[in-house]
Number of protein chains: 2
Amino acid sequence: MPELKTMEYLKKIYKKRVNELQELRNNGVKVIGTFCIFVPDELIFAAGADRTILCGGKNETIPLAEQYLPRNICPLIKSSLGSIVNDGCSGIDSCAHFGLVDMIIAENTCDGKKKMYEILDDFIPTYVIDLPQRPDTDIALQYFLQELESLKTELEHFTGNEITSTKLLDRIKESNEIRKLLHQLYCERKRDPSPISGVDVLKIIQKQFFLSPTEFKHILKMVIEEIEHIQPEQESNTKPRVMIAGCPLSGGNTKVPKIIEERGGVIVCEESCTGTRSFWDLVDEDENKDPMLSLSQRYINIPCSCMSPNKKRLESVVDLAQEFNVDGVIYYTLQFCHGYNIEAYNVQKELKKAGIPMLSIETDYSDSDIEQLGVRIDAFLEMIS
Amino acid sequence: MPELKTMEYLKKIYKKRVNELQELRNNGVKVIGTFCIFVPDELIFAAGADRTILCGGKNETIPLAEQYLPRNICPLIKSSLGSIVNDGCSGIDSCAHFGLVDMIIAENTCDGKKKMYEILDDFIPTYVIDLPQRPDTDIALQYFLQELESLKTELEHFTGNEITSTKLLDRIKESNEIRKLLHQLYCERKRDPSPISGVDVLKIIQKQFFLSPTEFKHILKMVIEEIEHIQPEQESNTKPRVMIAGCPLSGGNTKVPKIIEERGGVIVCEESCTGTRSFWDLVDEDENKDPMLSLSQRYINIPCSCMSPNKKRLESVVDLAQEFNVDGVIYYTLQFCHGYNIEAYNVQKELKKAGIPMLSIETDYSDSDIEQLGVRIDAFLEMIS
């Protein structure tokens with residue numbers, strides 16, 4: 001396929017956004033750093049602040065983090081902390097936007113992140129939302145709602161701006177618009193052959209919580225318009241359709257999707273925080289309902305492996321695999337991510353019942369296993385072709 | 001030191017207890033399995049049930065669990081599941097009490113256990129308490145209280161017995177008695193030299209949630225009486241006093257304490273679930289207060305690494321080290337336990353401020369690193385002597 005114009009445009013966007021964030025700060029707007037899709041950015045925007053995601057996908061900053069963290073934990077956590085503690089004297093390049101945040105809003109999801117945030121607080125003020133680990137009881141919902149109420153108060157205090165229901169509802173509508181556009185984009189991928197590569201979609205969705213909502217919407221509209229009328233070459237028809245399921249693929253990390261597509265597969269869906277988990281469910285826009293409750297209901301239902309029981313995820317992996325008509329699922333675990341790693345057992349059981357093959361891989365951000373992964377992925381693609 | 005009579009007695013206790021549990025079941029009493037000190041056994045006893053801890057400390061059952069679980073997770077989790085899924089045809093020996101439970105009451109603490117419980121439920125009915133991950137807010141306490149109320153209802157339903165406030169308060173008082181006896185035992189260890197080895201204390205405390213409260217109290221009284229008047233030989237005076245801090249040492253696992261004491265140290269305190277965390281704080285016995293609230297307040301305050309922020313643990317490690325007049329702390333992490341592993345950084349920082357040396361080790365249940373650990377522990381003991 002020829003390179004999409006959207007991807008050309010995307011290459012220039014990083015610097016523009018960094019300048020924008022810098023300018024906002026100069027004008028007194030607070031910039032919040034986040035690490036997880038459980039943090040509702042509707043609340044941040046409703047407080048008149050801006051936000052940028054700080055999940056690291058780069059291998060280079062990991063050694064910096066290993067001064068503070070054990071080696072045998074998830075690369076995403078190490079890469080993120082490494083970018084933040086990087087003082088510039090290390091000779092290692094961190095993305096510029098890591099230095100632009102006034103505070104961090106984090107969340108208790110996995111053991112690794114939860115404990116990393118305690119160290120992070122030494123470097124930058126870090127506010128942590130506690131997250132119940134059950135998605136399916138009313139008392140858990142009420143607890144989460146109260147946690148979000150506390151966050152609202154914190155944000156109002158930090159920005160000096162009141163978060164009114166009207167403001168919040170406006171931001172909910174805007175985030176829903178983005179979610180609907182992402183649904184449209186993913187809908188195009190249901191076509192056979194898919195008009196866009198998985199690597200391209202990933203590069204776009206990695207910008208979801210980095211760019212401003214306006215810019216991100218613009219990009220989504222651009223790419224949808226561009227691919228709507230594309231008729232991919234005939235031979236693409238024979239490519240095995242793959243879904244990635246599992247851990248997020250943060251900005252800077254496209255290792256595994258690249259291997260899959262270079263070896264002849266095409267990724268048509270990602271059951272991931274950098275995929276369906278970030279946009280699949282909309283927030284209720286009912287004006288007669290407390291928007292804080294609507295937010296809580298939507299966010300507590302994100303089927304992350306930190307939730308238990310996680311029936312929704314088990315169902316959604318199978319549903320997505322069928323809806324996107326995939327030939328196989330590549331289950332992607334970041335090294336030492338116990339949640340997704342252990343959950344692979346139950347996911348595989350459900351996929352097996354549905355007759356969908358699955359390959360489980362565990363990797364980090366280094367290049368050392370590229371060849372080995374390639375051999376295993378090759379064999380899997382051949383099997384499902 | 002000559003072998004204590006209590007330790008002789010302890011050797012015969014396992015079979016007796018297994019017979020007792022079997023007999024209780026034959027008489028219609030429900031036996032509950034637990035995995036964690038966050039599960040209040042006062043509630044189980046108040047429902048007329050009995051309980052036994054199922055945390056595995058044996059290496060042998062790990063391969064059985066690796067059919068279901070990834071290899072690179074904590075040995076305690078794998079050993080426990082392995083003992084439960086062991087069908088007896090494997091030729092591998094599991095402890096008999098694993099087969100005696102009617103249901104399991106588990107808790108959401110770390111990622112590994114939380115996800116293991118989902119698999120466990122296929123083998124034995126498993127009820128999971130959700131645990132807020134913050135110990136210091138009123139809303140977290142209220143959520144935990146509600147979770148314990150749900151557990152109470154579940155236990156009443158399962159056993160057919162009502163849990164009255166009177167019954168609960170009686171069981172709280174009994175558990176407090178045990179806690180006070182454990183304080184007495186630990187108090188003896190403050191003497192210099194300590195009249196009892198750390199390995200002996202560990203073997204006793206590993207039975208805390210396995211034996212009936214009556215039997216466990218009996219053993220505690222026996223050992224206290226026995227050591228109260230012991231005057232250890234003079235040369236013991238020169239042994240470096242060590243505290244172990246970190247992960248639990250479950251029944252069947254005495255590897256590291258043995259190495260420490262064989263190499264010439266003496267363990268005088270364990271900041272651990274098989275140590276101070278299990279008994280340090282008492283439950284409020286105030287009869288004018290809802291005992292469910294008293295339970296919640298005590299249990300949510302257990303300074304496990306799953307809690308964040310974990311100020312209480314950081315303070316208590318230093319306090320204990322000073323109170324027991326230790327020469328150094330050996331920080332003990334079970335492999336891939338991210339919580340305790342990452343928290344080592346902040347613990348070390350606090351100990352450093354207090355001028356207390358710390359050695360950090362990470363190990364599993366296998367024998368393969370005994371020599372290597374020995375060399376490191378030797379060097380540490382020499383340094384702190």
# chains A, B, ... in the order shown; residues from 1 in each chain; ligands from 1
$ residues_around --residues "Ser80 of chain A" --least-positions-apart "6" --cutoff "7 Å" --atoms "only C-alpha atoms" --output "list in words"
Leu54, Cys55 and Gly56 of chain A
$ residues_around --residues "Leu373 of chain A" --least-positions-apart "5" --cutoff "9 Å" --atoms "only C-alpha atoms" --output "PyMOL selection string"
chain A and resi 256+259+361+363+378
$ write_last_selection --atoms "N, CA and C atoms" --output "mmCIF file, in the first residue's frame"
data_model
loop_
_atom_site.group_PDB
_atom_site.id
_atom_site.type_symbol
_atom_site.label_atom_id
_atom_site.label_comp_id
_atom_site.auth_asym_id
_atom_site.auth_seq_id
_atom_site.Cartn_x
_atom_site.Cartn_y
_atom_site.Cartn_z
ATOM 1 N N VAL A 256 6.257 -5.480 17.954
ATOM 2 C CA VAL A 256 5.529 -6.704 17.586
ATOM 3 C C VAL A 256 4.585 -6.493 16.393
ATOM 4 N N ILE A 259 6.633 -6.705 13.312
ATOM 5 C CA ILE A 259 7.034 -8.086 12.973
ATOM 6 C C ILE A 259 5.863 -8.811 12.305
ATOM 7 N N ILE A 361 2.716 -14.494 23.302
ATOM 8 C CA ILE A 361 4.112 -14.061 23.353
ATOM 9 C C ILE A 361 4.323 -13.118 24.540
ATOM 10 N N THR A 363 7.211 -10.276 25.783
ATOM 11 C CA THR A 363 8.398 -9.581 25.276
ATOM 12 C C THR A 363 8.609 -8.267 26.022
ATOM 13 N N ASP A 378 5.910 -16.259 12.339
ATOM 14 C CA ASP A 378 5.881 -16.890 11.007
ATOM 15 C C ASP A 378 5.103 -18.196 11.036
#
$ interface_residues --of "chain A" --to "chain B" --cutoff "6 Å" --atoms "only C-alpha atoms" --output "list of chain:residue names"
A:Leu69, A:Asp111, A:Gly112, A:Pro132, A:His338, A:Gly339, A:Ile342
$ atom_distance --atom1 "atom CA of Pro195 of chain B" --atom2 "atom CA of Met243 of chain B"
15.4 Å
$ calpha_fit_and_write --fixed "chain B" --moving "chain A" --output "short mmCIF file (atom, residue, chain, number, x, y, z; two decimals) with C-alpha atoms, in the first residue's frame"
data_model
loop_
_atom_site.label_atom_id
_atom_site.label_comp_id
_atom_site.auth_asym_id
_atom_site.auth_seq_id
_atom_site.Cartn_x
_atom_site.Cartn_y
_atom_site.Cartn_z
CA MET A 1 21.01 -24.41 72.08
CA PRO A 2 19.35 -27.72 72.97
CA GLU A 3 16.15 -28.52 71.10
CA LEU A 4 13.07 -27.02 72.71
CA LYS A 5 10.37 -29.41 73.91
CA THR A 6 7.84 -27.24 72.10
CA MET A 7 9.54 -28.02 68.80
CA GLU A 8 9.35 -31.73 69.57
CA TYR A 9 5.63 -31.31 70.29
CA LEU A 10 5.13 -29.33 67.08
CA LYS A 11 6.40 -32.22 64.97
CA LYS A 12 3.48 -34.38 66.01
CA ILE A 13 0.82 -31.75 65.53
CA TYR A 14 0.26 -31.93 61.78
CA LYS A 15 -1.42 -35.30 61.68
CA LYS A 16 -3.50 -34.54 64.74
CA ARG A 17 -4.89 -31.39 63.13
CA VAL A 18 -5.63 -33.13 59.84
CA ASN A 19 -7.62 -35.76 61.75
CA GLU A 20 -9.41 -33.02 63.66
CA LEU A 21 -10.40 -31.20 60.46
CA GLN A 22 -11.56 -34.48 58.94
CA GLU A 23 -13.68 -35.21 61.99
CA LEU A 24 -15.18 -31.72 62.01
CA ARG A 25 -16.20 -32.17 58.39
CA ASN A 26 -17.72 -35.55 59.17
CA ASN A 27 -19.81 -33.75 61.77
CA GLY A 28 -21.01 -31.17 59.25
CA VAL A 29 -18.68 -28.33 60.16
CA LYS A 30 -17.53 -26.36 57.11
CA VAL A 31 -13.80 -25.94 56.61
CA ILE A 32 -12.64 -22.78 54.82
CA GLY A 33 -9.32 -22.37 53.06
CA THR A 34 -7.56 -19.00 53.20
CA PHE A 35 -4.47 -17.47 51.59
CA CYS A 36 -3.93 -14.23 53.37
CA ILE A 37 -3.93 -12.46 56.71
CA PHE A 38 -6.38 -9.87 55.28
CA VAL A 39 -9.16 -12.46 55.65
CA PRO A 40 -10.47 -12.05 59.22
CA ASP A 41 -10.73 -15.54 60.65
CA GLU A 42 -12.83 -14.14 63.49
CA LEU A 43 -15.70 -14.05 60.99
CA ILE A 44 -15.13 -17.64 59.89
CA PHE A 45 -15.10 -18.91 63.47
CA ALA A 46 -18.13 -16.79 64.41
CA ALA A 47 -20.02 -18.59 61.63
CA GLY A 48 -19.23 -21.89 63.33
CA ALA A 49 -16.79 -22.92 60.61
CA ASP A 50 -13.11 -23.77 60.90
CA ARG A 51 -10.29 -22.61 58.63
CA THR A 52 -6.88 -23.59 57.42
CA ILE A 53 -4.27 -21.62 55.55
CA LEU A 54 -3.39 -22.86 52.05
CA CYS A 55 -0.30 -20.81 51.21
CA GLY A 56 2.21 -23.21 49.78
CA GLY A 57 5.85 -23.21 50.82
CA LYS A 58 6.88 -26.38 49.01
CA ASN A 59 8.87 -26.44 45.79
CA GLU A 60 7.59 -29.87 44.72
CA THR A 61 4.09 -28.79 43.70
CA ILE A 62 5.24 -25.90 41.50
CA PRO A 63 5.55 -27.93 38.25
CA LEU A 64 1.90 -28.98 38.64
CA ALA A 65 0.83 -25.33 38.76
CA GLU A 66 2.89 -24.42 35.72
CA GLN A 67 0.33 -26.20 33.56
CA TYR A 68 -1.99 -23.29 34.39
CA LEU A 69 0.27 -20.41 35.40
CA PRO A 70 3.25 -18.67 33.79
CA ARG A 71 6.63 -19.76 35.12
CA ASN A 72 7.78 -16.26 35.96
CA ILE A 73 5.41 -15.52 38.82
CA CYS A 74 5.82 -15.85 42.58
CA PRO A 75 6.60 -19.37 43.90
CA LEU A 76 4.09 -19.03 46.74
CA ILE A 77 1.24 -18.64 44.27
CA LYS A 78 2.43 -21.53 42.10
CA SER A 79 3.11 -23.80 45.07
CA SER A 80 -0.37 -23.13 46.47
CA LEU A 81 -2.24 -23.80 43.24
CA GLY A 82 -0.03 -26.82 42.58
CA SER A 83 -1.06 -28.39 45.90
CA ILE A 84 -4.72 -27.88 45.12
CA VAL A 85 -4.73 -29.16 41.55
CA ASN A 86 -2.63 -32.17 42.56
CA ASP A 87 -4.85 -35.14 41.88
CA GLY A 88 -2.61 -37.60 43.64
CA CYS A 89 -1.68 -39.36 40.39
CA SER A 90 1.28 -37.08 39.86
CA GLY A 91 3.40 -38.92 42.39
CA ILE A 92 4.02 -35.55 44.03
CA ASP A 93 3.19 -35.21 47.68
CA SER A 94 0.85 -32.36 48.72
CA CYS A 95 -0.02 -31.63 52.33
CA ALA A 96 -3.18 -33.49 53.28
CA HIS A 97 -5.03 -30.41 54.54
CA PHE A 98 -5.28 -28.91 51.04
CA GLY A 99 -7.91 -31.51 50.22
CA LEU A 100 -10.00 -30.79 53.30
CA VAL A 101 -11.58 -27.46 52.49
CA ASP A 102 -15.18 -26.88 51.39
CA MET A 103 -14.61 -23.42 49.99
CA ILE A 104 -11.93 -20.77 49.76
CA ILE A 105 -12.14 -17.22 50.99
CA ALA A 106 -9.61 -15.19 49.10
CA GLU A 107 -8.81 -11.52 48.73
CA ASN A 108 -7.61 -9.10 46.06
CA THR A 109 -4.12 -8.23 47.22
CA CYS A 110 -1.45 -8.69 44.54
CA ASP A 111 -1.90 -9.17 40.78
CA GLY A 112 -0.63 -12.73 40.89
CA LYS A 113 -2.98 -14.00 43.59
CA LYS A 114 -5.94 -12.07 42.22
CA LYS A 115 -5.61 -13.71 38.83
CA MET A 116 -4.72 -17.14 40.25
CA TYR A 117 -8.02 -17.15 42.18
CA GLU A 118 -9.91 -16.95 38.89
CA ILE A 119 -8.30 -20.22 37.80
CA LEU A 120 -8.71 -21.74 41.27
CA ASP A 121 -12.47 -21.27 41.09
CA ASP A 122 -12.54 -24.04 38.45
CA PHE A 123 -11.32 -26.48 41.11
CA ILE A 124 -12.99 -25.30 44.31
CA PRO A 125 -15.61 -22.62 45.07
CA THR A 126 -13.66 -19.41 45.68
CA TYR A 127 -15.15 -16.31 47.23
CA VAL A 128 -13.02 -13.19 46.82
CA ILE A 129 -13.08 -10.11 49.07
CA ASP A 130 -12.18 -6.95 47.22
CA LEU A 131 -9.65 -4.89 49.13
CA PRO A 132 -9.22 -1.17 48.61
CA GLN A 133 -5.58 -0.43 47.97
CA ARG A 134 -5.56 2.68 50.17
CA PRO A 135 -5.35 2.27 53.93
CA ASP A 136 -5.84 5.90 54.87
CA THR A 137 -9.16 7.29 53.67
CA ASP A 138 -12.58 7.01 55.21
CA ILE A 139 -14.17 5.98 51.91
CA ALA A 140 -11.72 3.09 51.58
CA LEU A 141 -12.60 1.97 55.11
CA GLN A 142 -16.32 2.15 54.31
CA TYR A 143 -15.79 0.12 51.13
CA PHE A 144 -13.83 -2.51 53.02
CA LEU A 145 -16.49 -2.62 55.76
CA GLN A 146 -19.13 -3.25 53.10
CA GLU A 147 -17.00 -5.98 51.57
CA LEU A 148 -16.72 -7.65 54.99
CA GLU A 149 -20.49 -7.32 55.43
CA SER A 150 -20.92 -9.19 52.14
CA LEU A 151 -18.50 -11.85 53.34
CA LYS A 152 -20.49 -12.17 56.57
CA THR A 153 -23.67 -12.77 54.58
CA GLU A 154 -21.87 -15.31 52.39
CA LEU A 155 -20.56 -17.18 55.43
CA GLU A 156 -23.96 -17.19 57.10
CA HIS A 157 -25.47 -18.57 53.94
CA PHE A 158 -22.74 -21.17 53.47
CA THR A 159 -22.76 -22.46 57.06
CA GLY A 160 -26.41 -21.86 57.86
CA ASN A 161 -25.34 -20.10 61.06
CA GLU A 162 -26.03 -16.49 62.00
CA ILE A 163 -23.02 -14.40 62.94
CA THR A 164 -24.23 -12.39 65.94
CA SER A 165 -22.30 -9.47 67.40
CA THR A 166 -21.80 -11.46 70.60
CA LYS A 167 -20.32 -14.43 68.77
CA LEU A 168 -18.09 -12.15 66.74
CA LEU A 169 -16.87 -10.24 69.77
CA ASP A 170 -16.03 -13.53 71.49
CA ARG A 171 -13.91 -14.59 68.54
CA ILE A 172 -12.26 -11.18 68.38
CA LYS A 173 -11.27 -11.58 72.03
CA GLU A 174 -9.88 -15.03 71.37
CA SER A 175 -7.82 -13.82 68.38
CA ASN A 176 -6.57 -10.91 70.48
CA GLU A 177 -5.43 -13.40 73.14
CA ILE A 178 -3.32 -15.12 70.50
CA ARG A 179 -1.95 -11.76 69.34
CA LYS A 180 -0.99 -10.90 72.92
CA LEU A 181 0.76 -14.24 73.37
CA LEU A 182 2.69 -13.64 70.16
CA HIS A 183 3.70 -10.24 71.51
CA GLN A 184 4.96 -12.01 74.64
CA LEU A 185 6.94 -14.48 72.54
CA TYR A 186 8.45 -11.70 70.44
CA CYS A 187 9.23 -9.77 73.63
CA GLU A 188 11.47 -12.62 74.77
CA ARG A 189 13.43 -12.19 71.54
CA LYS A 190 14.34 -8.66 72.53
CA ARG A 191 16.66 -10.13 75.16
CA ASP A 192 20.32 -10.20 74.20
CA PRO A 193 21.11 -12.95 73.39
CA SER A 194 17.72 -14.12 72.18
CA PRO A 195 16.63 -17.36 73.92
CA ILE A 196 15.13 -18.83 70.74
CA SER A 197 16.20 -19.17 67.13
CA GLY A 198 14.37 -17.46 64.30
CA VAL A 199 13.84 -20.78 62.55
CA ASP A 200 12.00 -22.13 65.61
CA VAL A 201 9.78 -19.06 65.87
CA LEU A 202 9.04 -19.27 62.16
CA LYS A 203 8.04 -22.93 62.42
CA ILE A 204 5.63 -21.97 65.22
CA ILE A 205 4.13 -18.94 63.49
CA GLN A 206 3.68 -20.86 60.24
CA LYS A 207 1.07 -22.86 62.19
CA GLN A 208 -0.90 -19.77 63.29
CA PHE A 209 -3.67 -20.11 60.73
CA PHE A 210 -3.41 -23.88 60.35
CA LEU A 211 -4.03 -24.99 63.93
CA SER A 212 -7.15 -24.33 65.96
CA PRO A 213 -6.89 -21.21 68.14
CA THR A 214 -6.96 -23.39 71.26
CA GLU A 215 -4.07 -25.56 70.14
CA PHE A 216 -2.08 -22.58 68.91
CA LYS A 217 -2.51 -20.78 72.23
CA HIS A 218 -1.38 -23.92 74.01
CA ILE A 219 1.79 -24.03 71.93
CA LEU A 220 2.52 -20.34 72.46
CA LYS A 221 2.15 -20.70 76.22
CA MET A 222 4.35 -23.77 76.16
CA VAL A 223 7.17 -22.09 74.27
CA ILE A 224 7.01 -18.87 76.28
CA GLU A 225 7.23 -20.81 79.53
CA GLU A 226 10.09 -22.85 78.18
CA ILE A 227 12.23 -19.96 76.98
CA GLU A 228 11.45 -17.48 79.76
CA HIS A 229 14.10 -18.92 82.02
CA ILE A 230 16.61 -19.99 79.40
CA GLN A 231 19.99 -18.39 79.73
CA PRO A 232 21.62 -18.88 76.32
CA GLU A 233 25.30 -19.67 76.25
CA GLN A 234 27.55 -16.68 76.47
CA GLU A 235 28.93 -16.90 72.93
CA SER A 236 25.43 -16.34 71.52
CA ASN A 237 25.87 -12.80 72.72
CA THR A 238 28.17 -12.04 69.84
CA LYS A 239 25.82 -13.23 67.10
CA PRO A 240 24.60 -10.43 64.82
CA ARG A 241 20.90 -9.73 65.40
CA VAL A 242 18.93 -9.80 62.16
CA MET A 243 15.41 -8.82 61.18
CA ILE A 244 13.78 -10.31 58.09
CA ALA A 245 11.45 -7.91 56.28
CA GLY A 246 9.26 -8.53 53.26
CA CYS A 247 7.40 -11.48 51.80
CA PRO A 248 5.82 -14.26 53.86
CA LEU A 249 7.63 -17.52 54.56
CA SER A 250 4.89 -20.07 54.17
CA GLY A 251 4.76 -23.49 55.80
CA GLY A 252 7.37 -25.76 54.22
CA ASN A 253 9.73 -22.88 53.42
CA THR A 254 12.49 -22.08 55.92
CA LYS A 255 15.29 -21.78 53.36
CA VAL A 256 16.56 -18.26 53.99
CA PRO A 257 16.16 -18.19 57.80
CA LYS A 258 18.11 -21.44 57.94
CA ILE A 259 20.92 -19.98 55.84
CA ILE A 260 21.06 -16.88 58.05
CA GLU A 261 21.26 -18.85 61.27
CA GLU A 262 23.60 -21.56 59.97
CA ARG A 263 25.96 -18.80 58.91
CA GLY A 264 26.03 -17.35 62.41
CA GLY A 265 23.26 -14.77 62.59
CA VAL A 266 20.23 -14.87 64.83
CA ILE A 267 16.84 -13.71 63.60
CA VAL A 268 15.05 -11.75 66.30
CA CYS A 269 12.10 -10.36 64.35
CA GLU A 270 10.19 -10.89 61.10
CA GLU A 271 8.40 -7.93 59.53
CA SER A 272 6.28 -10.29 57.48
CA CYS A 273 2.87 -11.92 57.11
CA THR A 274 4.50 -14.83 58.94
CA GLY A 275 5.68 -12.39 61.58
CA THR A 276 4.60 -9.07 63.03
CA ARG A 277 2.07 -8.20 60.29
CA SER A 278 -0.11 -11.10 61.39
CA PHE A 279 -0.48 -10.08 65.03
CA TRP A 280 0.99 -6.66 65.85
CA ASP A 281 -2.29 -4.71 65.97
CA LEU A 282 -5.21 -5.87 68.08
CA VAL A 283 -8.87 -5.55 67.13
CA ASP A 284 -10.77 -3.05 69.27
CA GLU A 285 -12.87 -4.98 71.85
CA ASP A 286 -15.13 -2.03 72.69
CA GLU A 287 -18.58 -3.54 73.23
CA ASN A 288 -20.34 -0.30 72.38
CA LYS A 289 -18.94 -0.33 68.87
CA ASP A 290 -20.00 -2.41 65.87
CA PRO A 291 -17.49 -5.29 65.89
CA MET A 292 -17.59 -5.33 62.07
CA LEU A 293 -16.24 -1.78 62.07
CA SER A 294 -13.54 -2.74 64.58
CA LEU A 295 -12.53 -5.64 62.34
CA SER A 296 -12.40 -3.43 59.24
CA GLN A 297 -10.30 -0.80 60.98
CA ARG A 298 -7.77 -3.35 62.16
CA TYR A 299 -7.49 -5.37 58.97
CA ILE A 300 -7.31 -2.49 56.48
CA ASN A 301 -4.32 -1.25 58.43
CA ILE A 302 -2.16 -4.32 57.86
CA PRO A 303 0.97 -2.81 56.29
CA CYS A 304 1.18 -5.11 53.26
CA SER A 305 2.96 -3.83 50.16
CA CYS A 306 -0.37 -4.02 48.30
CA MET A 307 -1.32 -0.82 50.13
CA SER A 308 -0.40 2.56 48.72
CA PRO A 309 0.72 4.90 50.16
CA ASN A 310 2.35 2.53 52.61
CA LYS A 311 3.72 4.99 55.15
CA LYS A 312 2.79 2.68 57.99
CA ARG A 313 5.05 -0.08 56.68
CA LEU A 314 7.99 2.27 56.13
CA GLU A 315 7.64 3.49 59.71
CA SER A 316 7.07 0.06 61.18
CA VAL A 317 10.16 -1.49 59.57
CA VAL A 318 12.36 1.15 61.20
CA ASP A 319 10.47 0.99 64.52
CA LEU A 320 10.77 -2.79 64.70
CA ALA A 321 14.44 -2.75 63.75
CA GLN A 322 15.09 -0.34 66.61
CA GLU A 323 12.78 -2.01 69.09
CA PHE A 324 14.41 -5.40 68.53
CA ASN A 325 17.84 -3.79 68.49
CA VAL A 326 18.91 -5.42 65.24
CA ASP A 327 22.30 -5.05 63.62
CA GLY A 328 20.86 -5.33 60.13
CA VAL A 329 17.78 -6.10 58.04
CA ILE A 330 17.59 -8.82 55.41
CA TYR A 331 14.93 -7.75 52.93
CA TYR A 332 13.34 -10.89 51.59
CA THR A 333 11.48 -10.86 48.27
CA LEU A 334 9.93 -13.86 46.64
CA GLN A 335 10.85 -13.87 42.96
CA PHE A 336 8.59 -11.69 40.80
CA CYS A 337 6.73 -10.19 43.78
CA HIS A 338 6.62 -6.66 42.37
CA GLY A 339 5.01 -5.12 45.44
CA TYR A 340 7.69 -6.01 47.97
CA ASN A 341 10.43 -5.82 45.38
CA ILE A 342 9.73 -2.23 44.34
CA GLU A 343 8.99 -1.16 47.90
CA ALA A 344 12.51 -2.25 48.88
CA TYR A 345 13.73 1.07 47.47
CA ASN A 346 11.75 3.18 49.92
CA VAL A 347 12.37 0.80 52.82
CA GLN A 348 16.11 1.01 52.23
CA LYS A 349 15.90 4.82 52.15
CA GLU A 350 14.19 4.88 55.55
CA LEU A 351 16.57 2.35 57.10
CA LYS A 352 19.53 4.30 55.79
CA LYS A 353 18.27 7.45 57.49
CA ALA A 354 18.11 5.46 60.72
CA GLY A 355 21.62 4.08 60.17
CA ILE A 356 20.49 0.46 59.84
CA PRO A 357 22.18 -1.67 57.14
CA MET A 358 20.01 -3.70 54.77
CA LEU A 359 20.70 -6.58 52.40
CA SER A 360 18.15 -7.21 49.68
CA ILE A 361 17.65 -10.73 48.38
CA GLU A 362 15.22 -12.19 45.87
CA THR A 363 14.72 -15.93 45.82
CA ASP A 364 12.31 -18.76 45.18
CA TYR A 365 11.70 -22.18 46.75
CA SER A 366 14.39 -24.09 44.87
CA ASP A 367 17.74 -25.11 46.32
CA SER A 368 19.71 -23.82 43.36
CA ASP A 369 20.73 -20.49 44.92
CA ILE A 370 21.51 -21.67 48.45
CA GLU A 371 25.27 -21.37 48.03
CA GLN A 372 25.04 -18.02 46.31
CA LEU A 373 22.72 -16.64 48.99
CA GLY A 374 25.04 -18.05 51.63
CA VAL A 375 27.99 -16.10 50.27
CA ARG A 376 26.04 -12.83 50.19
CA ILE A 377 24.54 -13.38 53.64
CA ASP A 378 27.97 -14.30 55.04
CA ALA A 379 29.40 -11.03 53.77
CA PHE A 380 26.48 -9.08 55.21
CA LEU A 381 26.72 -10.75 58.63
CA GLU A 382 30.43 -10.04 58.72
CA MET A 383 29.78 -6.41 57.89
CA ILE A 384 27.22 -5.91 60.65
CA SER A 385 29.02 -7.95 63.33
#
